[in-house]
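Data block for upload.txt (compact mmCIF, C-alpha atoms and all ligand atoms):
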```txt
# COMPACT_ATOMS: atom_id res chain seq x y z
CA MET A 1 49.98 192.19 -39.14
CA SER A 2 52.35 189.31 -38.72
CA ALA A 3 52.59 187.35 -35.48
CA PRO A 4 55.70 185.39 -34.44
CA LYS A 5 55.62 181.97 -36.07
CA PRO A 6 57.07 178.81 -34.53
CA HIS A 7 58.33 176.08 -36.87
CA SER A 8 55.34 174.66 -38.75
CA TRP A 9 55.89 171.23 -37.18
CA ILE A 10 55.64 172.59 -33.61
CA MET A 11 52.01 173.54 -33.93
CA ASP A 12 50.76 170.06 -34.73
CA LEU A 13 52.32 168.44 -31.73
CA ALA A 14 50.45 167.91 -28.49
CA ALA A 15 52.27 168.67 -25.23
CA TYR A 16 53.10 165.82 -22.83
CA VAL A 17 50.20 165.16 -20.46
CA PRO A 18 51.44 164.15 -16.99
CA GLY A 19 49.57 161.77 -14.69
CA ARG A 20 46.79 163.58 -12.84
CA ALA A 21 47.23 164.71 -9.25
CA LYS A 22 43.78 166.29 -8.72
CA VAL A 23 40.13 165.83 -9.66
CA GLU A 24 37.62 168.60 -9.47
CA GLY A 25 35.26 168.22 -6.54
CA VAL A 26 37.35 165.53 -4.82
CA LYS A 27 39.29 166.79 -1.81
CA GLU A 28 41.69 164.01 -0.99
CA THR A 29 43.30 162.12 -3.77
CA VAL A 30 45.72 159.23 -4.01
CA LYS A 31 47.99 159.70 -7.01
CA LEU A 32 48.77 156.37 -8.63
CA SER A 33 49.15 157.81 -12.10
CA ALA A 34 52.81 158.79 -12.50
CA ASN A 35 54.89 155.76 -11.47
CA GLU A 36 56.36 157.56 -8.49
CA CYS A 37 57.85 155.38 -5.77
CA THR A 38 55.72 155.53 -2.62
CA SER A 39 58.48 154.06 -0.45
CA GLY A 40 60.11 157.48 -0.64
CA PRO A 41 63.75 158.51 -1.07
CA SER A 42 66.76 157.71 1.10
CA PRO A 43 66.65 159.86 4.28
CA LYS A 44 70.34 160.61 3.58
CA ALA A 45 69.37 162.13 0.23
CA VAL A 46 66.73 164.28 1.90
CA ALA A 47 69.27 165.45 4.52
CA ALA A 48 71.76 166.41 1.78
CA TYR A 49 69.05 168.27 -0.09
CA THR A 50 68.12 170.25 3.03
CA ALA A 51 71.76 171.04 3.85
CA ALA A 52 72.25 172.38 0.31
CA ALA A 53 69.96 175.32 1.13
CA SER A 54 72.98 177.26 2.45
CA GLN A 55 74.74 176.92 -0.93
CA LEU A 56 72.03 178.27 -3.19
CA LEU A 57 73.92 181.41 -4.22
CA ARG A 58 76.40 179.15 -6.09
CA TYR A 59 76.07 177.66 -9.53
CA PRO A 60 76.16 173.88 -9.44
CA ASP A 61 79.08 171.92 -10.91
CA GLY A 62 78.24 172.00 -14.62
CA GLY A 63 79.83 168.59 -15.16
CA SER A 64 78.00 166.89 -12.24
CA THR A 65 81.42 165.42 -11.42
CA GLU A 66 80.73 164.01 -7.95
CA LEU A 67 77.45 162.55 -9.04
CA ARG A 68 78.99 160.90 -12.09
CA GLU A 69 81.75 159.46 -9.92
CA ALA A 70 79.27 158.20 -7.32
CA ILE A 71 77.18 156.51 -10.02
CA ALA A 72 80.30 155.03 -11.63
CA GLY A 73 81.47 153.70 -8.26
CA VAL A 74 78.19 152.07 -7.33
CA TYR A 75 77.48 150.51 -10.74
CA GLY A 76 81.08 149.75 -11.76
CA LEU A 77 81.05 152.13 -14.74
CA ASP A 78 83.44 154.56 -16.42
CA ALA A 79 82.54 158.08 -15.16
CA SER A 80 83.75 159.70 -18.37
CA ARG A 81 80.99 157.95 -20.33
CA ILE A 82 78.26 159.24 -17.99
CA ILE A 83 76.19 162.35 -18.63
CA CYS A 84 73.73 163.68 -16.07
CA GLY A 85 70.55 165.55 -16.85
CA ALA A 86 67.44 167.20 -15.41
CA GLY A 87 65.65 163.88 -15.37
CA SER A 88 66.33 161.32 -18.06
CA ASP A 89 63.79 163.28 -20.14
CA ASP A 90 66.56 165.84 -20.52
CA ILE A 91 68.97 163.22 -21.91
CA LEU A 92 66.32 161.73 -24.22
CA THR A 93 65.52 165.22 -25.49
CA VAL A 94 69.10 166.28 -26.19
CA LEU A 95 69.72 162.94 -27.90
CA ILE A 96 66.97 163.67 -30.39
CA HIS A 97 68.12 167.26 -30.84
CA ALA A 98 71.71 166.13 -31.41
CA PHE A 99 71.01 163.37 -33.92
CA ALA A 100 67.75 164.09 -35.75
CA GLY A 101 66.18 166.91 -37.74
CA PRO A 102 63.80 167.49 -40.65
CA GLY A 103 63.87 164.56 -43.08
CA ASP A 104 65.26 162.11 -40.51
CA GLU A 105 63.39 159.19 -38.96
CA VAL A 106 63.22 158.12 -35.33
CA ILE A 107 61.87 154.68 -34.43
CA PHE A 108 60.06 153.76 -31.21
CA SER A 109 57.31 151.36 -30.12
CA GLN A 110 53.67 152.22 -30.71
CA TYR A 111 52.97 151.79 -27.00
CA GLY A 112 55.98 153.46 -25.47
CA PHE A 113 57.18 156.50 -23.60
CA MET A 114 55.54 159.67 -24.97
CA VAL A 115 58.67 161.82 -24.79
CA TYR A 116 60.13 160.08 -27.88
CA PRO A 117 57.35 161.05 -30.33
CA ILE A 118 56.97 164.52 -28.82
CA GLN A 119 60.65 165.46 -29.09
CA THR A 120 60.91 163.82 -32.51
CA LYS A 121 58.20 166.18 -33.72
CA ALA A 122 59.85 169.08 -31.91
CA VAL A 123 62.91 168.81 -34.15
CA GLY A 124 60.85 168.34 -37.31
CA ALA A 125 61.88 164.70 -37.74
CA THR A 126 59.49 161.86 -38.58
CA GLY A 127 58.49 159.40 -35.87
CA VAL A 128 58.02 155.78 -36.90
CA ALA A 129 55.86 153.86 -34.40
CA VAL A 130 56.33 150.08 -34.60
CA PRO A 131 53.56 147.87 -33.14
CA ASN A 132 54.53 146.09 -29.93
CA LEU A 133 54.95 142.34 -29.71
CA LYS A 134 53.49 140.77 -26.56
CA TRP A 135 53.46 144.29 -25.10
CA ALA A 136 57.27 144.73 -25.37
CA ALA A 137 59.30 146.14 -28.28
CA ASP A 138 59.20 144.03 -31.46
CA VAL A 139 62.83 143.58 -32.51
CA ASP A 140 62.04 142.23 -36.00
CA GLY A 141 59.42 144.92 -36.55
CA ILE A 142 61.92 147.62 -35.60
CA LEU A 143 64.63 146.17 -37.84
CA LYS A 144 62.19 146.10 -40.76
CA ALA A 145 61.33 149.76 -40.15
CA VAL A 146 64.97 150.92 -40.44
CA THR A 147 65.71 152.99 -43.56
CA ALA A 148 68.62 155.12 -44.75
CA LYS A 149 66.93 158.02 -42.96
CA THR A 150 66.82 156.35 -39.53
CA LYS A 151 68.90 158.21 -36.96
CA LEU A 152 67.73 156.86 -33.60
CA VAL A 153 65.93 153.81 -32.21
CA PHE A 154 64.35 154.08 -28.75
CA VAL A 155 63.50 151.03 -26.67
CA ASP A 156 62.05 151.60 -23.22
CA ASN A 157 63.04 148.42 -21.45
CA PRO A 158 60.99 147.67 -19.44
CA ASN A 159 58.31 149.45 -21.40
CA ASN A 160 56.12 152.26 -20.10
CA PRO A 161 53.05 151.99 -20.15
CA THR A 162 52.95 148.21 -20.60
CA GLY A 163 55.46 147.03 -17.94
CA ALA A 164 56.74 144.29 -20.30
CA TYR A 165 60.46 143.81 -20.94
CA LEU A 166 62.89 142.26 -23.39
CA PRO A 167 65.70 139.97 -22.25
CA MET A 168 69.22 141.19 -23.01
CA SER A 169 69.55 138.65 -25.82
CA GLU A 170 66.79 140.49 -27.70
CA ILE A 171 68.41 143.91 -27.15
CA GLU A 172 71.66 142.43 -28.46
CA ARG A 173 69.88 141.00 -31.49
CA LEU A 174 68.39 144.42 -32.15
CA HIS A 175 71.78 146.08 -31.85
CA ALA A 176 73.41 143.50 -34.13
CA GLY A 177 70.80 144.19 -36.82
CA LEU A 178 71.13 147.99 -36.78
CA PRO A 179 73.46 149.89 -39.11
CA GLU A 180 76.35 151.43 -37.17
CA HIS A 181 75.24 155.00 -37.86
CA VAL A 182 71.95 154.48 -35.99
CA VAL A 183 71.98 155.37 -32.28
CA LEU A 184 70.29 152.73 -30.12
CA VAL A 185 68.81 154.28 -26.97
CA VAL A 186 68.03 151.75 -24.26
CA ASP A 187 65.79 153.62 -21.83
CA SER A 188 66.19 151.64 -18.62
CA ALA A 189 64.14 153.96 -16.39
CA TYR A 190 62.76 150.97 -14.48
CA ALA A 191 65.99 148.93 -14.35
CA GLU A 192 66.07 148.95 -10.55
CA CYS A 193 62.60 147.34 -10.36
CA VAL A 194 63.45 144.38 -12.58
CA THR A 195 63.75 140.96 -10.99
CA ALA A 196 63.87 138.87 -14.21
CA GLU A 197 67.24 137.16 -14.45
CA ASP A 198 67.66 137.44 -18.21
CA TYR A 199 67.37 141.25 -18.02
CA ASP A 200 70.29 143.66 -18.25
CA ALA A 201 70.07 147.45 -18.21
CA GLY A 202 72.61 147.71 -21.04
CA ALA A 203 75.94 148.96 -19.61
CA LYS A 204 77.99 146.11 -21.06
CA LEU A 205 76.51 146.61 -24.51
CA VAL A 206 77.39 150.30 -24.25
CA GLU A 207 81.00 149.42 -23.46
CA ARG A 208 81.28 147.04 -26.42
CA SER A 209 79.85 149.43 -29.02
CA THR A 210 80.01 152.98 -30.31
CA ASN A 211 76.33 153.57 -31.09
CA VAL A 212 74.49 152.68 -27.87
CA ILE A 213 73.38 154.80 -24.92
CA MET A 214 71.56 153.57 -21.83
CA THR A 215 69.45 156.10 -19.92
CA ARG A 216 68.59 155.87 -16.22
CA THR A 217 66.70 157.94 -13.71
CA PHE A 218 66.47 158.86 -10.03
CA SER A 219 62.72 159.48 -10.49
CA LYS A 220 61.49 155.93 -10.19
CA MET A 221 62.93 153.49 -7.61
CA TYR A 222 65.19 156.14 -6.07
CA ALA A 223 61.98 158.13 -5.44
CA LEU A 224 63.36 161.56 -6.35
CA ALA A 225 60.99 162.49 -9.20
CA GLY A 226 60.55 166.01 -7.86
CA LEU A 227 64.29 166.73 -8.03
CA ARG A 228 64.68 165.91 -11.75
CA VAL A 229 67.87 163.87 -12.03
CA GLY A 230 68.66 161.28 -14.67
CA TRP A 231 71.76 160.01 -16.40
CA GLY A 232 73.00 158.37 -19.53
CA TYR A 233 75.87 155.94 -20.17
CA GLY A 234 77.01 155.95 -23.76
CA GLY A 235 79.71 155.64 -26.34
CA PRO A 236 82.26 158.51 -26.06
CA ALA A 237 81.21 160.14 -29.34
CA ILE A 238 77.56 160.21 -28.27
CA ILE A 239 78.39 161.65 -24.83
CA ASP A 240 80.64 164.25 -26.45
CA ALA A 241 77.83 165.41 -28.74
CA LEU A 242 75.33 165.62 -25.88
CA ASN A 243 77.74 167.60 -23.71
CA ARG A 244 77.99 170.20 -26.47
CA ILE A 245 74.27 170.94 -26.60
CA ARG A 246 72.98 170.30 -23.10
CA MET A 247 72.35 173.26 -20.83
CA PRO A 248 75.59 174.10 -19.02
CA PHE A 249 74.04 173.75 -15.53
CA ASN A 250 71.35 171.19 -16.33
CA VAL A 251 71.37 169.46 -12.92
CA ASN A 252 70.74 171.86 -10.05
CA LEU A 253 72.88 171.95 -6.92
CA PRO A 254 70.51 170.36 -4.37
CA ALA A 255 69.68 167.67 -6.92
CA GLN A 256 73.33 166.75 -7.40
CA VAL A 257 74.12 166.37 -3.69
CA ALA A 258 70.89 164.51 -2.94
CA ALA A 259 71.38 162.11 -5.85
CA VAL A 260 74.93 161.33 -4.67
CA GLU A 261 73.54 160.22 -1.29
CA ALA A 262 70.66 158.36 -2.92
CA VAL A 263 72.88 156.27 -5.15
CA LYS A 264 75.24 155.48 -2.28
CA ASP A 265 72.32 154.27 -0.14
CA GLN A 266 71.87 150.93 -1.85
CA ALA A 267 70.39 149.45 1.33
CA HIS A 268 67.46 151.86 1.10
CA LEU A 269 67.04 151.11 -2.60
CA ALA A 270 67.01 147.37 -1.90
CA GLU A 271 64.13 147.82 0.56
CA SER A 272 62.09 149.75 -1.98
CA VAL A 273 62.80 147.16 -4.65
CA ALA A 274 61.75 144.29 -2.36
CA TYR A 275 58.55 146.11 -1.36
CA ASN A 276 57.76 146.81 -4.99
CA ALA A 277 58.32 143.21 -6.12
CA GLU A 278 56.17 141.87 -3.28
CA TRP A 279 53.21 144.12 -4.10
CA ARG A 280 53.64 143.66 -7.83
CA ASP A 281 53.06 139.92 -7.36
CA LYS A 282 50.21 140.39 -4.90
CA LEU A 283 48.36 142.98 -6.94
CA THR A 284 48.81 141.01 -10.15
CA ALA A 285 47.28 137.91 -8.56
CA GLU A 286 44.38 139.82 -7.01
CA LEU A 287 43.52 141.79 -10.13
CA VAL A 288 43.72 138.71 -12.35
CA ALA A 289 41.33 137.03 -9.91
CA LEU A 290 38.91 139.93 -10.51
CA GLY A 291 38.92 139.04 -14.22
CA LEU A 292 41.20 141.83 -15.45
CA ASP A 293 43.93 141.24 -18.04
CA VAL A 294 47.12 142.21 -16.20
CA VAL A 295 50.26 142.49 -18.29
CA PRO A 296 53.12 140.74 -16.43
CA SER A 297 55.19 143.65 -15.12
CA GLN A 298 58.85 144.21 -14.30
CA THR A 299 58.20 147.81 -13.25
CA ASN A 300 56.50 149.67 -10.39
CA PHE A 301 53.17 149.76 -12.20
CA LEU A 302 50.64 147.40 -13.76
CA LEU A 303 48.77 147.76 -17.02
CA LEU A 304 45.19 146.58 -16.49
CA GLY A 305 43.05 145.57 -19.46
CA PHE A 306 39.27 145.34 -19.33
CA PRO A 307 38.30 142.21 -21.30
CA GLU A 308 36.29 142.83 -24.47
CA GLU A 309 33.45 140.61 -23.29
CA SER A 310 33.20 142.59 -20.04
CA PRO A 311 30.32 145.07 -19.85
CA PHE A 312 32.66 147.41 -17.93
CA THR A 313 35.14 149.69 -19.64
CA ALA A 314 38.39 151.23 -18.49
CA GLY A 315 36.93 154.69 -19.01
CA GLU A 316 34.05 153.96 -16.64
CA ALA A 317 36.40 152.38 -14.11
CA ASN A 318 38.61 155.45 -14.34
CA THR A 319 35.66 157.72 -13.56
CA TYR A 320 34.52 155.47 -10.72
CA LEU A 321 37.98 155.44 -9.13
CA SER A 322 38.59 159.18 -9.66
CA GLU A 323 35.31 160.08 -7.98
CA ARG A 324 36.56 158.15 -4.97
CA GLY A 325 39.91 159.95 -5.03
CA TYR A 326 41.97 157.20 -6.69
CA LEU A 327 43.84 158.52 -9.71
CA LEU A 328 45.14 155.97 -12.18
CA ARG A 329 46.30 156.65 -15.71
CA TRP A 330 43.71 156.04 -18.41
CA LEU A 331 45.40 155.74 -21.79
CA PRO A 332 42.99 156.51 -24.65
CA GLY A 333 45.41 159.10 -26.05
CA MET A 334 47.95 156.34 -26.48
CA GLY A 335 45.60 154.00 -28.33
CA LEU A 336 44.80 151.96 -25.21
CA PRO A 337 41.23 153.09 -24.46
CA ASN A 338 40.40 149.93 -22.56
CA HIS A 339 43.42 149.96 -20.25
CA LEU A 340 44.39 151.67 -17.01
CA ARG A 341 47.90 152.01 -15.69
CA LEU A 342 48.18 151.58 -11.92
CA THR A 343 51.28 152.64 -9.99
CA ILE A 344 52.05 150.46 -6.98
CA GLY A 345 51.29 152.51 -3.87
CA ALA A 346 51.35 152.19 -0.09
CA PRO A 347 49.77 149.00 1.32
CA HIS A 348 46.40 150.53 2.24
CA GLU A 349 46.22 152.30 -1.13
CA ASN A 350 46.87 149.05 -2.98
CA ARG A 351 44.21 147.26 -0.94
CA THR A 352 41.71 150.04 -1.52
CA VAL A 353 42.28 150.02 -5.29
CA VAL A 354 41.56 146.29 -5.37
CA GLU A 355 38.42 146.72 -3.27
CA LEU A 356 37.18 149.62 -5.40
CA LEU A 357 37.77 147.67 -8.59
CA ARG A 358 36.01 144.65 -7.09
CA ALA A 359 32.98 146.80 -6.20
CA PHE A 360 33.01 148.42 -9.63
CA LEU A 361 33.18 145.10 -11.46
CA ASN A 362 30.40 143.67 -9.29
CA GLY A 363 28.27 146.64 -10.20
CA SER A 364 27.66 147.27 -6.52
CA PRO A 365 29.30 150.55 -5.58
CA GLU A 366 29.96 150.83 -1.83
C1 LIG A 401 59.59 157.94 -16.03
C2 LIG A 401 60.29 157.58 -17.28
C3 LIG A 401 61.40 158.29 -17.75
C4 LIG A 401 61.97 159.49 -17.17
O1 LIG A 401 61.79 160.14 -16.22
P1 LIG A 401 62.62 161.36 -15.67
O2 LIG A 401 61.84 161.72 -14.50
O3 LIG A 401 62.68 162.40 -16.71
O4 LIG A 401 63.99 160.81 -15.36
C5 LIG A 401 62.04 157.88 -18.89
N1 LIG A 401 61.61 156.82 -19.57
C6 LIG A 401 60.56 156.11 -19.18
C7 LIG A 401 60.16 154.95 -19.97
C8 LIG A 401 59.85 156.48 -18.04
O5 LIG A 401 58.77 155.79 -17.68
```
Write-out of the structure in structure tokens:
Amino acid sequence: MSAPKPHSWIMDLAAYVPGRAKVEGVKETVKLSANECTSGPSPKAVAAYTAAASQLLRYPDGGSTELREAIAGVYGLDASRIICGAGSDDILTVLIHAFAGPGDEVIFSQYGFMVYPIQTKAVGATGVAVPNLKWAADVDGILKAVTAKTKLVFVDNPNNPTGAYLPMSEIERLHAGLPEHVVLVVDSAYAECVTAEDYDAGAKLVERSTNVIMTRTFSKMYALAGLRVGWGYGGPAIIDALNRIRMPFNVNLPAQVAAVEAVKDQAHLAESVAYNAEWRDKLTAELVALGLDVVPSQTNFLLLGFPEESPFTAGEANTYLSERGYLLRWLPGMGLPNHLRLTIGAPHENRTVVELLRAFLNGSPE
């Protein structure tokens, strides 16, 4: 008897584990585990999505032309260098499939977005995890890890799950130190949340070079995670390669029309960004006051560390919060067993998380 056999390297990879939405035995839950944007999407995007119901017998535009043009218009970019995907995960995945295979190396940060190591394994390439520096990517560490086999370098900037970021000068220093045949992927999924003035999402670097791609998403501050739309802005040769291997209709029809309206509604985005920045500051101050180590964040989430001297652990806090319906992301699988990642939620949810953590840390459950 011989059963079908996947590639040997597929069987030792673990599938991506999404943030939890449910706990057994708890009826009502508040999901603060997946960095979704509680402010919600532009009402114009929702209206376009609903109106698209009458068009569902049609294939979508395989080139996402209107969406690429809308993005280009709003951000001042060249539409021909844009590629759209079913979430930026799609773009990240096809990048790895286009540029790496068995024997090749792909570099990313030790604490970074899980899609990079998973898809690296999926193609049989070797992932090289470089320790973070002050929670962000370590430019010198990455440059030291480059070998003749390196094909891609991924930097999530800001970083998920830490929330830390690198200023553009550091991204430029990284690019300057890389050989020209290595593709630098600047994953700017949280670009819209950033308020730091020395940050840049990477478009200008893309335009000045041949080996850089910036990836973006509608899942975070545009609040359309359920639709699955992301995009990349890269050197023409990179975009050409990705267009050859992506699925021909990778962005569905309702997603395309809704994303066009979302990107045009910059007033709605600005409100979500302001709300996020306000609560990011408030929550950081309140959680630091409780004695937690909060990594300064430029995203829509906070990484909370439980101090070593504390008798309370992140795992226990996670259980305590889950039992009360509050779902955060505990990160032992990522090598951060004493940290929780908290997505910024609605005002009453944020206040409740602080109160629950206060009660937990005081050892006096309500
Ligand atoms: C959420 C996230 C993405 C992608 O999300 P999509 O929903 O696939 O667009 C990419 N990179 C990072 C770092 C993220 O946190």
Could you pull the residues within 8 Å of region 51-61 of chain A, counting all atoms listed in the file, minus those fewer than 4 positions along the same chain, as a CSV table (one decimal) with C-alpha atoms, keeping the file's coordinate frame?
```csv
chain,number,residue,atom,x,y,z
A,47,ALA,CA,69.3,165.4,4.5
A,65,THR,CA,81.4,165.4,-11.4
A,249,PHE,CA,74.0,173.8,-15.5
A,251,VAL,CA,71.4,169.5,-12.9
A,252,ASN,CA,70.7,171.9,-10.0
A,253,LEU,CA,72.9,172.0,-6.9
A,254,PRO,CA,70.5,170.4,-4.4
A,256,GLN,CA,73.3,166.8,-7.4
A,257,VAL,CA,74.1,166.4,-3.7
```
- Selection near region 130-143 of chain A, 12 Å with only C-alpha atoms, sequence-local residues under 6 positions removed, as number ranges by chain: A: 106-113, 117, 150, 152-179, 182, 184, 186-187, 294-298, 303, 305, 335-336
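Taking all atoms listed in the file into account, Gly63 (chain A) lies nearest to A:Ile239 out of the set A:Val30, A:Ala258, A:Met334, A:Ile239.
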- Task: Please check which protein, DNA or RNA residues sit within 7 Å of ligand LIG 401 (chain A), counting only C-alpha atoms and all ligand atoms, and write them as a list in words.
- Result: Asn35, Ala86, Gly87, Ser88, Asp89, Asp90, Phe113, Asp156, Asn159, Asn160, Asp187, Ser188, Ala189, Arg216, Thr217, Phe218, Ser219, Lys220, Ala225, Arg228, Val229 and Gly230 of chain A
- Query: Can you tell me how far CA of Val273 (chain A) sits from CA of Met221 (chain A), in Å to one decimal?
  - Reply: 7.0 Å
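When CA of Asp293 (chain A) is paired with CA of Leu340 (chain A), their separation reads 10.5 Å.
Between CA of Trp330 (chain A) and CA of Gly291 (chain A) there is a distance of 18.2 Å.
The residue that comes closest to Lys264 (chain A), out of A:Val74, A:Met11, A:Ala237, A:Leu327 and on the basis of all atoms listed in the file, is A:Val74.
Among A:Glu308, A:Leu32, A:Pro248, A:Glu316, the residue with the shortest atom-to-atom distance to Gly345 (chain A), counting all atoms listed in the file, is A:Leu32.
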- Message: Just checking: using all atoms listed in the file, which residue out of A:Ala129, A:Leu269, A:Val23, A:Val46 ends up closest to Glu105 (chain A)?
- Response: A:Ala129
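Nearest to Ser42 (chain A) of all the residues A:Leu292, A:Ala145, A:Ile83, A:Val263 is A:Val263, counting all atoms listed in the file.
Using all atoms listed in the file, the residues found no farther than 12 Å from Arg351 (chain A), other than those of its own chain fewer than 3 positions away, are Trp279, Lys282, Leu283, Glu286, Leu287, Tyr326, Ile344, Gly345, Ala346, Pro347, His348, Val354, Glu355, Leu356, Leu357 and Arg358 of chain A.
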- Task: Counting only C-alpha atoms, select every polymer residue within 10 Å of (84.2, 155.2, -19.0) as defined in the file's coordinates, and provide the selection as a ChimeraX atom specification.
- Result: /A:72,76-82,206-207,233-236
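The closest residue to Lys44 (chain A), picked from A:Ala262, A:Ile91, A:Ile213, A:Val17 and counting all atoms listed in the file, is A:Ala262.
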Region 318-322 of chain A, all listed atoms, 6 Å padding on each side: what axis-aligned box centre and edge lengths in Å to one decimal come out, as AutoDock Vina command-line options?
```
--center_x 36.6 --center_y 157.3 --center_z -11.7 --size_x 16.1 --size_y 15.7 --size_z 17.2
```
Quick one: region 75-98 of chain A with N, CA and C atoms, as a PDB file, keeping the file's coordinate frame?
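The file below, out_28.pdb, is the result:
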```pdb
ATOM      1  N   TYR A  75      77.852 151.443  -9.674  1.00  0.00           N
ATOM      2  CA  TYR A  75      77.480 150.510 -10.740  1.00  0.00           C
ATOM      3  C   TYR A  75      78.675 149.924 -11.494  1.00  0.00           C
ATOM      4  N   GLY A  76      79.898 150.289 -11.078  1.00  0.00           N
ATOM      5  CA  GLY A  76      81.080 149.750 -11.760  1.00  0.00           C
ATOM      6  C   GLY A  76      81.217 150.255 -13.185  1.00  0.00           C
ATOM      7  N   LEU A  77      81.012 151.554 -13.391  1.00  0.00           N
ATOM      8  CA  LEU A  77      81.050 152.130 -14.740  1.00  0.00           C
ATOM      9  C   LEU A  77      82.200 153.117 -14.877  1.00  0.00           C
ATOM     10  N   ASP A  78      82.402 153.571 -16.111  1.00  0.00           N
ATOM     11  CA  ASP A  78      83.440 154.560 -16.420  1.00  0.00           C
ATOM     12  C   ASP A  78      82.781 155.952 -16.363  1.00  0.00           C
ATOM     13  N   ALA A  79      83.204 156.776 -15.380  1.00  0.00           N
ATOM     14  CA  ALA A  79      82.540 158.080 -15.160  1.00  0.00           C
ATOM     15  C   ALA A  79      82.608 158.988 -16.375  1.00  0.00           C
ATOM     16  N   SER A  80      83.613 158.809 -17.227  1.00  0.00           N
ATOM     17  CA  SER A  80      83.750 159.700 -18.370  1.00  0.00           C
ATOM     18  C   SER A  80      82.688 159.426 -19.449  1.00  0.00           C
ATOM     19  N   ARG A  81      82.043 158.264 -19.369  1.00  0.00           N
ATOM     20  CA  ARG A  81      80.990 157.950 -20.330  1.00  0.00           C
ATOM     21  C   ARG A  81      79.602 158.280 -19.795  1.00  0.00           C
ATOM     22  N   ILE A  82      79.563 158.906 -18.600  1.00  0.00           N
ATOM     23  CA  ILE A  82      78.260 159.240 -17.990  1.00  0.00           C
ATOM     24  C   ILE A  82      77.938 160.704 -18.257  1.00  0.00           C
ATOM     25  N   ILE A  83      76.687 160.969 -18.556  1.00  0.00           N
ATOM     26  CA  ILE A  83      76.190 162.350 -18.630  1.00  0.00           C
ATOM     27  C   ILE A  83      74.975 162.433 -17.717  1.00  0.00           C
ATOM     28  N   CYS A  84      74.892 163.508 -16.931  1.00  0.00           N
ATOM     29  CA  CYS A  84      73.730 163.680 -16.070  1.00  0.00           C
ATOM     30  C   CYS A  84      72.792 164.723 -16.664  1.00  0.00           C
ATOM     31  N   GLY A  85      71.528 164.624 -16.297  1.00  0.00           N
ATOM     32  CA  GLY A  85      70.550 165.550 -16.850  1.00  0.00           C
ATOM     33  C   GLY A  85      69.435 165.859 -15.865  1.00  0.00           C
ATOM     34  N   ALA A  86      68.606 166.831 -16.218  1.00  0.00           N
ATOM     35  CA  ALA A  86      67.440 167.200 -15.410  1.00  0.00           C
ATOM     36  C   ALA A  86      66.350 166.166 -15.687  1.00  0.00           C
ATOM     37  N   GLY A  87      66.484 165.024 -15.050  1.00  0.00           N
ATOM     38  CA  GLY A  87      65.650 163.880 -15.370  1.00  0.00           C
ATOM     39  C   GLY A  87      66.214 163.204 -16.605  1.00  0.00           C
ATOM     40  N   SER A  88      65.840 161.939 -16.828  1.00  0.00           N
ATOM     41  CA  SER A  88      66.330 161.320 -18.060  1.00  0.00           C
ATOM     42  C   SER A  88      65.603 161.920 -19.263  1.00  0.00           C
ATOM     43  N   ASP A  89      64.457 162.551 -19.040  1.00  0.00           N
ATOM     44  CA  ASP A  89      63.790 163.280 -20.140  1.00  0.00           C
ATOM     45  C   ASP A  89      64.752 164.252 -20.820  1.00  0.00           C
ATOM     46  N   ASP A  90      65.587 164.883 -20.006  1.00  0.00           N
ATOM     47  CA  ASP A  90      66.560 165.840 -20.520  1.00  0.00           C
ATOM     48  C   ASP A  90      67.529 165.135 -21.487  1.00  0.00           C
ATOM     49  N   ILE A  91      68.005 163.972 -21.072  1.00  0.00           N
ATOM     50  CA  ILE A  91      68.970 163.220 -21.910  1.00  0.00           C
ATOM     51  C   ILE A  91      68.275 162.749 -23.195  1.00  0.00           C
ATOM     52  N   LEU A  92      67.057 162.219 -23.042  1.00  0.00           N
ATOM     53  CA  LEU A  92      66.320 161.730 -24.220  1.00  0.00           C
ATOM     54  C   LEU A  92      66.097 162.884 -25.203  1.00  0.00           C
ATOM     55  N   THR A  93      65.786 164.048 -24.647  1.00  0.00           N
ATOM     56  CA  THR A  93      65.520 165.220 -25.490  1.00  0.00           C
ATOM     57  C   THR A  93      66.785 165.676 -26.215  1.00  0.00           C
ATOM     58  N   VAL A  94      67.893 165.805 -25.498  1.00  0.00           N
ATOM     59  CA  VAL A  94      69.100 166.280 -26.190  1.00  0.00           C
ATOM     60  C   VAL A  94      69.605 165.240 -27.189  1.00  0.00           C
ATOM     61  N   LEU A  95      69.335 163.970 -26.922  1.00  0.00           N
ATOM     62  CA  LEU A  95      69.720 162.940 -27.900  1.00  0.00           C
ATOM     63  C   LEU A  95      69.028 163.194 -29.239  1.00  0.00           C
ATOM     64  N   ILE A  96      67.720 163.436 -29.159  1.00  0.00           N
ATOM     65  CA  ILE A  96      66.970 163.670 -30.390  1.00  0.00           C
ATOM     66  C   ILE A  96      67.434 164.957 -31.063  1.00  0.00           C
ATOM     67  N   HIS A  97      67.672 165.985 -30.255  1.00  0.00           N
ATOM     68  CA  HIS A  97      68.120 167.260 -30.840  1.00  0.00           C
ATOM     69  C   HIS A  97      69.514 167.135 -31.447  1.00  0.00           C
ATOM     70  N   ALA A  98      70.344 166.265 -30.886  1.00  0.00           N
ATOM     71  CA  ALA A  98      71.710 166.130 -31.410  1.00  0.00           C
ATOM     72  C   ALA A  98      71.754 165.296 -32.685  1.00  0.00           C
TER      73      ALA A  98
END
```
